[in-house]
Amino acid sequence: MSDDWIEACQSGDIEKEDVMRFDQGDRTFAIYRTADDQYFATDGLCTHAKVHLAGGFVQGNIIECPKHNGRFDFTTGKAKAAPVCVDLKTYPVKIESGKIFFKPG
Amino acid sequence: MPVEITKRDYSLVGKDTKAAEERGLADAQWYACNISRSRLKELMQRKDGPAIRDTLIWFAALVITGTLGYMTWGTWWAILPFAAYGVLYGSPSDSRWHECGHRTAFKTVWMNDVVYEIASFMVLRESVPWRWSHTRHHTDTIIVGRDPEIAVPRPPDLLGIALAFFSLKNGPKEIGKMVMHCFGRLNPAEATYIPDVERHKVYRNARIYILIHASVIACAIATRSFLPLMYIGLPSFYGAWLMVVFGLTQHAGLAEDVLDHRLNCRTIYMNPVFRFLYWEMNYHVEHHMFPMVPYHALGSLHRELKDDMPKPYNGLLEAYREIIPALLKQVKDPTYHVQRQLPRAIQPVTTHAPAAMATA
Ligand code: FES
């Protein structure tokens with residue numbers, strides 16, 4: 001295992017079509033699980049007003065921010081609907097032995 | 001003993017803006033009632049069905065009353081269908097604007113966006129500026145100097161409130177802003193909440209709105225009849241009264257500058273017809289606390305949270321029995337506000353900062 005990869009959780013820790021917050025040091029991330037068991041990782045805070053996206057709503061590839069319903073495609077980080085205008089940073093994810101790892105840049 | 005009135009500055013660029021920032025009231029963390037993630041997820045689920053049904057009923061009612069208005073035009077009987085048409089045009093468009101603005105009414109995004117644009121036009125609100133102003137309203141609900149949507153600044157302007165029932169105060173203001181936007185300009189308050197990348201849309205949409213209104217006026221002149229204006233344009237005025245009846249109950253007379261929606265919003269039980277016209281915005285505390293929950297699930301959300309909420313109002317009458325005396329008192333004493341009684345604190349949690357898994 002390369003030092004760059006960080007273990008976030010077990011694959012079963014996140015429900016299907018859901019998101020979980022993961023903090024490391026002073027950084028915060030959001031880890032997503034889609035309906036077909038793919039995993040993704042992004043920055044944890046909305047680019048609009050720095051609210052934790054893990055309180056939001058996952059629908060397909062979209063995470064909806066809990067504060068003002070801004071939308072991102074969490075697979076690409078693309079801002080999809082106002083009031084978010086700035087894209088979200090995404091990070092590579094891999095699964096090994098049922099554990100989710102991601103590589104924060 | 002007379003109370004000395006210090007007028008607060010409700011603009012978004014004045015002394016109270018600075019004061020709100022200094023007091024930590026801007027972009028602050030708000031109280032949220034405790035609800036399990038799994039239950040909240042259930043309530044957040046989106047559906048197209050209820051909003052399609054409600055939109056079809058709404059448009060069908062507009063077509064029927066509009067047709068009856070056409071058939072009776074020129075007689076006194078026309079007053080009745082146009083009274084109904086006007087209120088269906090000028091009032092439910094507010095709640096449709098609102099729900100579709102949050103993009104929670106329909107599951108399908110484009111349906112929210114289409115109804116949002118139509119309803120914005122009908123309620124005489126430019127879709128882009130009002131989306132951003134409403135975003136700020138959710139960030140800083142009834143925080144003086146920050147919230148652009150405080151309907152009743154203190155001391156209340158009673159004449160202004162009376163004029164609002166027929167959009168005679170806000171309507172001309174909105175038209176003035178529309179014209180200003182046509183020329184590619186924003187006012188200073190709008191400049192604080194509409195980002196640069198969105199501004200071209202403001203100007204483009206304003207030109208479209210003005211073009212539509214100008215076409216209807218031209219049509220009225222060409223046919224030498226008010227009739228076209230009775231369908232588009234005027235109903236935003238003569239049909240606005242029910243929107244005001246509903247809308248005033250949301251925050252009027254309640255606390256300013258608090259970080260708890262239970263203290264500055266009202267939840268009111270309403271009959272099914274009102275809930276249809278108002279799209280369940282009578283559950284206003286719940287909506288502000290969890291804006292991701294669609295209108296059709298707000299009743300269920302209310303049942304989940306009600307033990308940690310102040311007592312809801314049993315109908316519009318009960319709410320107005322509180323609001324009218326409160327506003328009259330505020331005319332003399334702008335510091336007065338209704339104090340909502342909170343239940344004994346359960347466990348304060350914040351939705352927006354969910355617990356984290358973390359490395360050491
Ligand atoms: S904080 Fe996320 S949309 Fe505003």
# chains A, B, ... in the order shown; residues from 1 in each chain; ligands from 1
>>> residues_near_ligand(ligand="ligand 1", cutoff="12 Å", atoms="only C-alpha atoms and all ligand atoms", output="PyMOL selection string")
(chain A and resi 44-57+63-72+79-88) or (chain B and resi 27-29+102-103+131-132+134-140+193+291-292+352-353)
>>> write_last_selection(atoms="C-alpha atoms", output="short mmCIF file (atom, residue, chain, number, x, y, z; two decimals), in the first residue's frame")
data_model
loop_
_atom_site.label_atom_id
_atom_site.label_comp_id
_atom_site.auth_asym_id
_atom_site.auth_seq_id
_atom_site.Cartn_x
_atom_site.Cartn_y
_atom_site.Cartn_z
CA GLY A 44 -16.10 17.70 1.99
CA LEU A 45 -17.25 21.29 1.90
CA CYS A 46 -19.58 22.88 -0.63
CA THR A 47 -17.81 25.46 -2.77
CA HIS A 48 -20.66 27.91 -2.23
CA ALA A 49 -20.75 28.48 1.52
CA LYS A 50 -18.50 25.81 2.99
CA VAL A 51 -21.22 23.53 4.30
CA HIS A 52 -20.52 19.81 4.84
CA LEU A 53 -21.83 17.94 1.82
CA ALA A 54 -22.15 14.78 3.88
CA GLY A 55 -25.40 16.23 5.27
CA GLY A 56 -26.73 16.35 1.71
CA PHE A 57 -28.79 14.14 -0.55
CA ILE A 63 -24.89 15.35 -4.42
CA GLU A 64 -27.28 18.06 -3.37
CA CYS A 65 -25.97 20.45 -0.75
CA PRO A 66 -28.07 20.57 2.42
CA LYS A 67 -27.93 24.33 2.77
CA HIS A 68 -29.16 25.82 -0.52
CA ASN A 69 -29.75 22.76 -2.72
CA GLY A 70 -26.74 23.46 -4.94
CA ARG A 71 -25.79 20.38 -7.00
CA PHE A 72 -22.54 18.73 -7.98
CA ALA A 79 -21.00 22.22 -10.39
CA LYS A 80 -24.39 21.44 -11.93
CA ALA A 81 -26.88 23.90 -10.48
CA ALA A 82 -26.94 27.28 -8.75
CA PRO A 83 -26.08 28.51 -6.26
CA VAL A 84 -22.91 26.50 -6.78
CA CYS A 85 -20.72 27.93 -9.52
CA VAL A 86 -17.30 26.53 -8.61
CA ASP A 87 -16.45 22.86 -9.22
CA LEU A 88 -15.61 20.48 -6.42
CA ASP B 27 -23.30 32.72 7.42
CA ALA B 28 -23.81 31.28 10.87
CA GLN B 29 -24.56 27.78 12.11
CA HIS B 102 -35.19 24.83 -4.51
CA ARG B 103 -35.48 22.19 -7.24
CA ARG B 131 -32.93 32.72 -6.89
CA TRP B 132 -29.92 34.43 -5.38
CA HIS B 134 -33.69 33.47 -1.77
CA THR B 135 -30.36 31.73 -1.28
CA ARG B 136 -29.34 34.58 1.01
CA HIS B 137 -32.72 34.40 2.77
CA HIS B 138 -31.90 30.79 3.65
CA THR B 139 -28.37 31.62 4.76
CA ASP B 140 -29.36 34.53 6.96
CA TYR B 193 -25.44 38.37 -3.66
CA PRO B 291 -34.73 22.68 2.70
CA MET B 292 -33.91 19.42 0.94
CA HIS B 352 -24.88 20.74 8.22
CA ALA B 353 -21.96 19.30 10.12
#
>>> select_by_dssp(residues="chain A", states="strand (DSSP E or B)", output="PyMOL selection string")
chain A and resi 6-10+18-24+27-33+39-43+45+52+57-59+62-64+71-73+79-81+90-91+93-96+99-102
>>> residues_around(residues="Val58 in chain A", least_positions_apart="2", cutoff="9 Å", atoms="only C-alpha atoms", output="list in words")
Glu17, Asp18, Val19, Tyr32, Arg33, Thr34, Gly56, Gly60, Asn61, Ile62, Ile63 and Glu64 of chain A; Lys41 of chain B
>>> atom_distance(atom1="CA of Tyr39 in chain A", atom2="CA of Asn34 in chain B")
27.8 Å
>>> residues_around(residues="range 85-96 of chain B", least_positions_apart="3", cutoff="6 Å", atoms="only C-alpha atoms", output="JSON, numbers by chain")
{"B": [62, 65, 66, 81, 82, 99, 100, 119, 123, 235, 236, 239, 240, 242, 243, 277, 278, 279]}
>>> write_last_selection(atoms="all heavy atoms", output="compact mmCIF listing (two decimals), in the first residue's frame")
# COMPACT_ATOMS: atom_id res chain seq x y z
N LEU B 62 -56.59 27.35 -14.42
CA LEU B 62 -56.35 28.63 -15.11
C LEU B 62 -57.07 28.67 -16.46
O LEU B 62 -57.69 29.68 -16.82
CB LEU B 62 -54.84 28.84 -15.32
CG LEU B 62 -54.07 29.35 -14.10
CD1 LEU B 62 -52.56 29.21 -14.31
CD2 LEU B 62 -54.41 30.81 -13.79
N THR B 65 -61.01 28.93 -15.79
CA THR B 65 -61.46 30.26 -15.33
C THR B 65 -61.17 31.31 -16.41
O THR B 65 -61.97 32.23 -16.61
CB THR B 65 -60.77 30.65 -14.00
OG1 THR B 65 -59.35 30.49 -14.16
CG2 THR B 65 -61.25 29.80 -12.86
N GLY B 66 -60.06 31.13 -17.13
CA GLY B 66 -59.72 32.07 -18.21
C GLY B 66 -60.74 31.99 -19.34
O GLY B 66 -61.15 33.01 -19.89
N PRO B 81 -65.18 34.95 -12.83
CA PRO B 81 -64.07 34.10 -13.33
C PRO B 81 -62.71 34.80 -13.29
O PRO B 81 -61.70 34.15 -13.03
CB PRO B 81 -64.49 33.78 -14.77
CG PRO B 81 -65.61 34.68 -15.10
CD PRO B 81 -66.23 35.11 -13.83
N PHE B 82 -62.70 36.11 -13.51
CA PHE B 82 -61.39 36.78 -13.46
C PHE B 82 -60.86 36.90 -12.04
O PHE B 82 -59.65 36.88 -11.82
CB PHE B 82 -61.43 38.13 -14.18
CG PHE B 82 -61.19 37.98 -15.66
CD1 PHE B 82 -62.17 38.26 -16.58
CD2 PHE B 82 -59.96 37.50 -16.13
CE1 PHE B 82 -61.96 38.09 -17.95
CE2 PHE B 82 -59.73 37.32 -17.49
CZ PHE B 82 -60.72 37.61 -18.40
N GLU B 99 -40.83 26.45 -4.49
CA GLU B 99 -40.47 25.03 -4.45
C GLU B 99 -39.57 24.64 -5.63
O GLU B 99 -38.63 23.88 -5.48
CB GLU B 99 -41.72 24.16 -4.46
CG GLU B 99 -42.55 24.30 -3.22
CD GLU B 99 -41.72 24.06 -1.98
OE1 GLU B 99 -41.26 22.93 -1.78
OE2 GLU B 99 -41.51 25.02 -1.23
N CYS B 100 -39.92 25.16 -6.81
CA CYS B 100 -39.12 24.82 -7.99
C CYS B 100 -37.77 25.53 -7.93
O CYS B 100 -36.79 25.04 -8.49
CB CYS B 100 -39.88 25.15 -9.27
SG CYS B 100 -41.35 24.12 -9.44
N ALA B 119 -43.41 30.38 -13.28
CA ALA B 119 -43.96 30.93 -12.05
C ALA B 119 -43.27 32.26 -11.69
O ALA B 119 -43.93 33.18 -11.20
CB ALA B 119 -43.80 29.93 -10.91
N VAL B 123 -45.35 35.68 -11.05
CA VAL B 123 -45.37 36.34 -9.73
C VAL B 123 -44.55 37.63 -9.75
O VAL B 123 -44.37 38.28 -8.73
CB VAL B 123 -44.90 35.35 -8.63
CG1 VAL B 123 -43.41 35.15 -8.63
CG2 VAL B 123 -45.41 35.71 -7.26
N PRO B 235 -52.96 40.20 -13.70
CA PRO B 235 -53.23 39.26 -12.59
C PRO B 235 -52.10 39.18 -11.57
O PRO B 235 -52.31 38.78 -10.43
CB PRO B 235 -53.44 37.90 -13.28
CG PRO B 235 -53.18 38.09 -14.72
CD PRO B 235 -53.07 39.55 -15.01
N SER B 236 -50.89 39.58 -11.95
CA SER B 236 -49.80 39.61 -10.97
C SER B 236 -50.11 40.66 -9.90
O SER B 236 -49.52 40.64 -8.82
CB SER B 236 -48.47 39.99 -11.63
OG SER B 236 -48.18 39.13 -12.68
N GLY B 239 -54.36 39.58 -8.50
CA GLY B 239 -54.48 38.24 -7.91
C GLY B 239 -53.44 37.95 -6.84
O GLY B 239 -53.30 36.80 -6.40
N ALA B 240 -52.74 39.00 -6.37
CA ALA B 240 -51.63 38.74 -5.44
C ALA B 240 -52.06 38.59 -3.98
O ALA B 240 -51.27 38.16 -3.14
CB ALA B 240 -50.60 39.87 -5.54
N LEU B 242 -53.84 36.65 -2.10
CA LEU B 242 -53.77 35.42 -1.31
C LEU B 242 -52.31 35.05 -1.00
O LEU B 242 -52.00 34.52 0.07
CB LEU B 242 -54.46 34.26 -2.05
CG LEU B 242 -54.61 32.97 -1.24
CD1 LEU B 242 -55.42 33.17 0.04
CD2 LEU B 242 -55.26 31.87 -2.09
N MET B 243 -51.43 35.39 -1.92
CA MET B 243 -49.99 35.17 -1.66
C MET B 243 -49.58 35.95 -0.42
O MET B 243 -48.82 35.46 0.42
CB MET B 243 -49.18 35.66 -2.87
CG MET B 243 -47.72 35.85 -2.59
SD MET B 243 -46.80 36.39 -4.03
CE MET B 243 -47.30 38.08 -4.23
N LEU B 277 -52.74 25.22 -2.69
CA LEU B 277 -52.39 26.52 -3.27
C LEU B 277 -51.02 27.00 -2.78
O LEU B 277 -50.30 27.68 -3.49
CB LEU B 277 -53.47 27.56 -2.92
CG LEU B 277 -54.85 27.31 -3.52
CD1 LEU B 277 -55.88 28.26 -2.92
CD2 LEU B 277 -54.82 27.46 -5.05
N TYR B 278 -50.70 26.62 -1.56
CA TYR B 278 -49.47 27.13 -0.92
C TYR B 278 -48.35 26.09 -0.95
O TYR B 278 -47.27 26.33 -0.45
CB TYR B 278 -49.85 27.49 0.53
CG TYR B 278 -48.89 28.36 1.29
CD1 TYR B 278 -48.05 29.27 0.67
CD2 TYR B 278 -48.86 28.29 2.69
CE1 TYR B 278 -47.18 30.05 1.42
CE2 TYR B 278 -48.01 29.07 3.43
CZ TYR B 278 -47.17 29.95 2.79
OH TYR B 278 -46.32 30.73 3.53
N TRP B 279 -48.62 24.98 -1.54
CA TRP B 279 -47.68 23.87 -1.66
C TRP B 279 -46.96 23.57 -0.33
O TRP B 279 -45.74 23.49 -0.28
CB TRP B 279 -46.69 24.11 -2.81
CG TRP B 279 -47.04 23.30 -4.04
CD1 TRP B 279 -48.20 22.64 -4.28
CD2 TRP B 279 -46.21 23.07 -5.19
NE1 TRP B 279 -48.15 22.01 -5.51
CE2 TRP B 279 -46.94 22.27 -6.09
CE3 TRP B 279 -44.91 23.47 -5.55
CZ2 TRP B 279 -46.44 21.84 -7.31
CZ3 TRP B 279 -44.41 23.05 -6.76
CH2 TRP B 279 -45.16 22.25 -7.63
>>> residues_around(residues="range 89-95 of chain A", least_positions_apart="4", cutoff="7 Å", atoms="only C-alpha atoms", output="JSON, numbers by chain")
{"A": [39, 40, 41, 42, 43, 76, 77, 99, 100, 101, 102, 103, 104]}
>>> residues_around(residues="range 48-57 of chain B", least_positions_apart="4", cutoff="8 Å", atoms="only C-alpha atoms", output="PDB file with all heavy atoms, in the first residue's frame")
ATOM      1  N   ALA B  61     -57.131  24.676 -14.030  1.00  0.00           N
ATOM      2  CA  ALA B  61     -57.998  25.671 -13.366  1.00  0.00           C
ATOM      3  C   ALA B  61     -57.808  27.049 -14.012  1.00  0.00           C
ATOM      4  O   ALA B  61     -58.781  27.801 -14.167  1.00  0.00           O
ATOM      5  CB  ALA B  61     -57.667  25.730 -11.872  1.00  0.00           C
ATOM      6  N   ALA B 105     -39.396  20.258  -5.970  1.00  0.00           N
ATOM      7  CA  ALA B 105     -40.801  19.928  -6.246  1.00  0.00           C
ATOM      8  C   ALA B 105     -40.897  18.675  -7.108  1.00  0.00           C
ATOM      9  O   ALA B 105     -41.647  17.752  -6.813  1.00  0.00           O
ATOM     10  CB  ALA B 105     -41.488  21.104  -6.935  1.00  0.00           C
ATOM     11  N   PHE B 106     -40.132  18.662  -8.200  1.00  0.00           N
ATOM     12  CA  PHE B 106     -40.108  17.514  -9.109  1.00  0.00           C
ATOM     13  C   PHE B 106     -38.791  16.762  -8.908  1.00  0.00           C
ATOM     14  O   PHE B 106     -37.784  17.353  -8.518  1.00  0.00           O
ATOM     15  CB  PHE B 106     -40.140  17.982 -10.567  1.00  0.00           C
ATOM     16  CG  PHE B 106     -41.373  18.749 -10.958  1.00  0.00           C
ATOM     17  CD1 PHE B 106     -41.442  20.123 -10.768  1.00  0.00           C
ATOM     18  CD2 PHE B 106     -42.456  18.108 -11.548  1.00  0.00           C
ATOM     19  CE1 PHE B 106     -42.567  20.843 -11.159  1.00  0.00           C
ATOM     20  CE2 PHE B 106     -43.581  18.821 -11.942  1.00  0.00           C
ATOM     21  CZ  PHE B 106     -43.642  20.194 -11.748  1.00  0.00           C
ATOM     22  N   LYS B 107     -38.811  15.506  -9.268  1.00  0.00           N
ATOM     23  CA  LYS B 107     -37.552  14.750  -9.281  1.00  0.00           C
ATOM     24  C   LYS B 107     -36.726  15.165 -10.501  1.00  0.00           C
ATOM     25  O   LYS B 107     -35.500  15.281 -10.433  1.00  0.00           O
ATOM     26  CB  LYS B 107     -37.866  13.248  -9.323  1.00  0.00           C
ATOM     27  CG  LYS B 107     -36.627  12.387  -9.310  1.00  0.00           C
ATOM     28  CD  LYS B 107     -36.973  10.921  -9.212  1.00  0.00           C
ATOM     29  CE  LYS B 107     -35.666  10.118  -9.125  1.00  0.00           C
ATOM     30  NZ  LYS B 107     -35.926   8.696  -8.972  1.00  0.00           N
ATOM     31  N   THR B 108     -37.421  15.384 -11.610  1.00  0.00           N
ATOM     32  CA  THR B 108     -36.736  15.716 -12.866  1.00  0.00           C
ATOM     33  C   THR B 108     -36.335  17.187 -12.864  1.00  0.00           C
ATOM     34  O   THR B 108     -37.190  18.072 -12.723  1.00  0.00           O
ATOM     35  CB  THR B 108     -37.675  15.435 -14.054  1.00  0.00           C
ATOM     36  OG1 THR B 108     -38.136  14.086 -13.923  1.00  0.00           O
ATOM     37  CG2 THR B 108     -36.965  15.607 -15.380  1.00  0.00           C
ATOM     38  N   PHE B 276     -52.759  22.982  -0.979  1.00  0.00           N
ATOM     39  CA  PHE B 276     -52.524  22.812  -2.422  1.00  0.00           C
ATOM     40  C   PHE B 276     -52.051  24.140  -3.022  1.00  0.00           C
ATOM     41  O   PHE B 276     -51.075  24.200  -3.774  1.00  0.00           O
ATOM     42  CB  PHE B 276     -53.815  22.338  -3.111  1.00  0.00           C
ATOM     43  CG  PHE B 276     -53.770  22.475  -4.605  1.00  0.00           C
ATOM     44  CD1 PHE B 276     -53.080  21.552  -5.374  1.00  0.00           C
ATOM     45  CD2 PHE B 276     -54.389  23.539  -5.248  1.00  0.00           C
ATOM     46  CE1 PHE B 276     -53.002  21.682  -6.767  1.00  0.00           C
ATOM     47  CE2 PHE B 276     -54.320  23.684  -6.622  1.00  0.00           C
ATOM     48  CZ  PHE B 276     -53.622  22.752  -7.382  1.00  0.00           C
ATOM     49  N   HIS B 296     -44.071  17.788  -0.656  1.00  0.00           N
ATOM     50  CA  HIS B 296     -45.048  16.726  -0.371  1.00  0.00           C
ATOM     51  C   HIS B 296     -44.650  15.874   0.823  1.00  0.00           C
ATOM     52  O   HIS B 296     -45.439  15.054   1.286  1.00  0.00           O
ATOM     53  CB  HIS B 296     -45.286  15.859  -1.611  1.00  0.00           C
ATOM     54  CG  HIS B 296     -44.029  15.396  -2.277  1.00  0.00           C
ATOM     55  ND1 HIS B 296     -43.261  14.383  -1.789  1.00  0.00           N
ATOM     56  CD2 HIS B 296     -43.383  15.848  -3.385  1.00  0.00           C
ATOM     57  CE1 HIS B 296     -42.202  14.203  -2.580  1.00  0.00           C
ATOM     58  NE2 HIS B 296     -42.251  15.087  -3.552  1.00  0.00           N
TER      59      HIS B 296
END
>>> residues_around(residues="range 306-314 of chain B", least_positions_apart="6", cutoff="10 Å", atoms="only C-alpha atoms", output="list in words")
Ala32, Cys33, Asn34, His261, Arg262, Leu263, Arg266, Thr267, Ile268, Tyr269, Met270, Asn282, Tyr283, Val285, Glu286, Ser300, Tyr320, Glu322, Arg340, Gln341, Leu342, Pro343, Arg344, Ala345, Ile346, Gln347 and Pro348 of chain B
>>> write_last_selection(atoms="N, CA and C atoms", output="PDB file, in the first residue's frame")
ATOM      1  N   ALA B  32     -30.663  22.823  14.424  1.00  0.00           N
ATOM      2  CA  ALA B  32     -31.454  21.839  13.667  1.00  0.00           C
ATOM      3  C   ALA B  32     -31.933  20.757  14.622  1.00  0.00           C
ATOM      4  N   CYS B  33     -33.186  20.371  14.496  1.00  0.00           N
ATOM      5  CA  CYS B  33     -33.731  19.319  15.353  1.00  0.00           C
ATOM      6  C   CYS B  33     -33.081  17.984  15.008  1.00  0.00           C
ATOM      7  N   ASN B  34     -33.133  17.110  15.979  1.00  0.00           N
ATOM      8  CA  ASN B  34     -32.532  15.802  15.804  1.00  0.00           C
ATOM      9  C   ASN B  34     -33.426  14.901  14.942  1.00  0.00           C
ATOM     10  N   HIS B 261     -34.603  28.668  13.551  1.00  0.00           N
ATOM     11  CA  HIS B 261     -35.814  28.911  12.743  1.00  0.00           C
ATOM     12  C   HIS B 261     -37.096  28.716  13.535  1.00  0.00           C
ATOM     13  N   ARG B 262     -37.017  28.040  14.663  1.00  0.00           N
ATOM     14  CA  ARG B 262     -38.222  27.838  15.462  1.00  0.00           C
ATOM     15  C   ARG B 262     -38.695  29.155  16.081  1.00  0.00           C
ATOM     16  N   LEU B 263     -37.765  30.123  16.145  1.00  0.00           N
ATOM     17  CA  LEU B 263     -38.098  31.409  16.751  1.00  0.00           C
ATOM     18  C   LEU B 263     -38.482  32.475  15.724  1.00  0.00           C
ATOM     19  N   ARG B 266     -43.066  30.451  11.234  1.00  0.00           N
ATOM     20  CA  ARG B 266     -44.297  29.842  11.768  1.00  0.00           C
ATOM     21  C   ARG B 266     -44.674  28.584  10.999  1.00  0.00           C
ATOM     22  N   THR B 267     -45.093  27.576  11.735  1.00  0.00           N
ATOM     23  CA  THR B 267     -45.751  26.424  11.119  1.00  0.00           C
ATOM     24  C   THR B 267     -47.228  26.501  11.483  1.00  0.00           C
ATOM     25  N   ILE B 268     -48.067  26.420  10.445  1.00  0.00           N
ATOM     26  CA  ILE B 268     -49.509  26.611  10.638  1.00  0.00           C
ATOM     27  C   ILE B 268     -50.257  25.439  10.019  1.00  0.00           C
ATOM     28  N   TYR B 269     -51.195  24.858  10.735  1.00  0.00           N
ATOM     29  CA  TYR B 269     -52.029  23.830  10.125  1.00  0.00           C
ATOM     30  C   TYR B 269     -53.027  24.505   9.189  1.00  0.00           C
ATOM     31  N   MET B 270     -53.141  23.938   7.980  1.00  0.00           N
ATOM     32  CA  MET B 270     -54.077  24.519   7.004  1.00  0.00           C
ATOM     33  C   MET B 270     -54.929  23.429   6.379  1.00  0.00           C
ATOM     34  N   ASN B 282     -46.922  26.083   4.569  1.00  0.00           N
ATOM     35  CA  ASN B 282     -47.369  26.334   5.938  1.00  0.00           C
ATOM     36  C   ASN B 282     -46.460  25.628   6.943  1.00  0.00           C
ATOM     37  N   TYR B 283     -45.712  24.612   6.496  1.00  0.00           N
ATOM     38  CA  TYR B 283     -44.717  23.969   7.382  1.00  0.00           C
ATOM     39  C   TYR B 283     -43.403  24.732   7.223  1.00  0.00           C
ATOM     40  N   VAL B 285     -41.263  26.304   9.373  1.00  0.00           N
ATOM     41  CA  VAL B 285     -40.081  26.040  10.204  1.00  0.00           C
ATOM     42  C   VAL B 285     -39.342  24.831   9.630  1.00  0.00           C
ATOM     43  N   GLU B 286     -40.111  23.793   9.316  1.00  0.00           N
ATOM     44  CA  GLU B 286     -39.503  22.560   8.810  1.00  0.00           C
ATOM     45  C   GLU B 286     -38.790  22.823   7.492  1.00  0.00           C
ATOM     46  N   SER B 300     -44.951  14.981   6.821  1.00  0.00           N
ATOM     47  CA  SER B 300     -44.316  13.865   7.528  1.00  0.00           C
ATOM     48  C   SER B 300     -43.126  14.360   8.338  1.00  0.00           C
ATOM     49  N   TYR B 320     -53.138  34.998  12.540  1.00  0.00           N
ATOM     50  CA  TYR B 320     -53.376  36.444  12.406  1.00  0.00           C
ATOM     51  C   TYR B 320     -53.822  37.088  13.720  1.00  0.00           C
ATOM     52  N   GLU B 322     -52.346  36.629  16.284  1.00  0.00           N
ATOM     53  CA  GLU B 322     -51.056  36.992  16.881  1.00  0.00           C
ATOM     54  C   GLU B 322     -50.358  38.083  16.059  1.00  0.00           C
ATOM     55  N   ARG B 340     -41.617  32.932  20.664  1.00  0.00           N
ATOM     56  CA  ARG B 340     -42.136  31.571  20.526  1.00  0.00           C
ATOM     57  C   ARG B 340     -41.634  30.723  21.696  1.00  0.00           C
ATOM     58  N   GLN B 341     -42.531  29.895  22.198  1.00  0.00           N
ATOM     59  CA  GLN B 341     -42.194  29.048  23.346  1.00  0.00           C
ATOM     60  C   GLN B 341     -41.573  27.748  22.861  1.00  0.00           C
ATOM     61  N   LEU B 342     -40.329  27.531  23.197  1.00  0.00           N
ATOM     62  CA  LEU B 342     -39.657  26.309  22.752  1.00  0.00           C
ATOM     63  C   LEU B 342     -39.910  25.185  23.739  1.00  0.00           C
ATOM     64  N   PRO B 343     -40.008  23.951  23.243  1.00  0.00           N
ATOM     65  CA  PRO B 343     -40.105  22.835  24.191  1.00  0.00           C
ATOM     66  C   PRO B 343     -38.766  22.685  24.902  1.00  0.00           C
ATOM     67  N   ARG B 344     -38.772  21.937  25.984  1.00  0.00           N
ATOM     68  CA  ARG B 344     -37.530  21.715  26.716  1.00  0.00           C
ATOM     69  C   ARG B 344     -36.493  21.160  25.751  1.00  0.00           C
ATOM     70  N   ALA B 345     -35.298  21.706  25.820  1.00  0.00           N
ATOM     71  CA  ALA B 345     -34.267  21.314  24.853  1.00  0.00           C
ATOM     72  C   ALA B 345     -34.080  19.815  24.855  1.00  0.00           C
ATOM     73  N   ILE B 346     -34.070  19.232  23.668  1.00  0.00           N
ATOM     74  CA  ILE B 346     -33.753  17.810  23.566  1.00  0.00           C
ATOM     75  C   ILE B 346     -32.250  17.747  23.357  1.00  0.00           C
ATOM     76  N   GLN B 347     -31.831  17.504  22.156  1.00  0.00           N
ATOM     77  CA  GLN B 347     -30.386  17.457  21.969  1.00  0.00           C
ATOM     78  C   GLN B 347     -30.051  18.286  20.748  1.00  0.00           C
ATOM     79  N   PRO B 348     -29.430  19.438  20.942  1.00  0.00           N
ATOM     80  CA  PRO B 348     -29.140  20.247  19.770  1.00  0.00           C
ATOM     81  C   PRO B 348     -28.105  19.580  18.883  1.00  0.00           C
TER      82      PRO B 348
END
>>> atom_distance(atom1="CA of His181 in chain B", atom2="CA of Leu163 in chain B")
24.4 Å
>>> atom_distance(atom1="CA of Gly105 in chain A", atom2="CA of Met20 in chain A")
19.0 Å
>>> closest_residue(among="A:Glu96, A:Ser11, A:Asp26, A:Arg21", to="chain B", atoms="only C-alpha atoms")
A:Arg21
>>> select_by_dssp(residues="chain A", states="helix (DSSP H, G or I)", output="list in words")
Ser11, Gly12, Asp13, Leu53, Ala54 and Gly55 of chain A
>>> write_last_selection(atoms="all heavy atoms", output="compact mmCIF listing (two decimals), in the first residue's frame")
# COMPACT_ATOMS: atom_id res chain seq x y z
N SER A 11 -16.28 -0.80 3.10
CA SER A 11 -17.24 -0.52 2.03
C SER A 11 -18.68 -0.50 2.54
O SER A 11 -19.52 0.24 2.03
CB SER A 11 -17.09 -1.54 0.90
OG SER A 11 -17.24 -2.83 1.42
N GLY A 12 -18.97 -1.29 3.58
CA GLY A 12 -20.35 -1.34 4.08
C GLY A 12 -20.70 -0.18 5.01
O GLY A 12 -21.85 -0.06 5.44
N ASP A 13 -19.72 0.67 5.31
CA ASP A 13 -20.01 1.77 6.24
C ASP A 13 -20.92 2.83 5.61
O ASP A 13 -21.53 3.63 6.32
CB ASP A 13 -18.71 2.47 6.69
CG ASP A 13 -17.92 1.59 7.66
OD1 ASP A 13 -18.51 0.63 8.19
OD2 ASP A 13 -16.72 1.86 7.86
N LEU A 53 -20.98 18.62 2.80
CA LEU A 53 -21.83 17.94 1.82
C LEU A 53 -22.36 16.62 2.34
O LEU A 53 -23.35 16.10 1.83
CB LEU A 53 -21.06 17.72 0.52
CG LEU A 53 -20.78 19.00 -0.27
CD1 LEU A 53 -19.77 18.74 -1.37
CD2 LEU A 53 -22.07 19.56 -0.84
N ALA A 54 -21.71 16.07 3.36
CA ALA A 54 -22.15 14.78 3.88
C ALA A 54 -23.53 14.87 4.53
O ALA A 54 -24.16 13.85 4.78
CB ALA A 54 -21.14 14.25 4.88
N GLY A 55 -24.02 16.09 4.78
CA GLY A 55 -25.40 16.23 5.27
C GLY A 55 -26.39 16.28 4.12
O GLY A 55 -27.58 16.44 4.34
>>> closest_residue(among="B:Pro155, B:Pro294, B:Gly14, B:Pro188", to="chain A", atoms="only C-alpha atoms")
B:Pro294
>>> decode(residues="range 93-97 of chain A", atoms="C-alpha atoms", output="short mmCIF file (atom, residue, chain, number, x, y, z; two decimals), in the first residue's frame")
data_model
loop_
_atom_site.label_atom_id
_atom_site.label_comp_id
_atom_site.auth_asym_id
_atom_site.auth_seq_id
_atom_site.Cartn_x
_atom_site.Cartn_y
_atom_site.Cartn_z
CA VAL A 93 -10.66 5.97 -4.93
CA LYS A 94 -9.84 2.26 -4.77
CA ILE A 95 -11.28 -0.69 -2.90
CA GLU A 96 -9.05 -3.35 -1.39
CA SER A 97 -10.22 -6.19 0.81
#
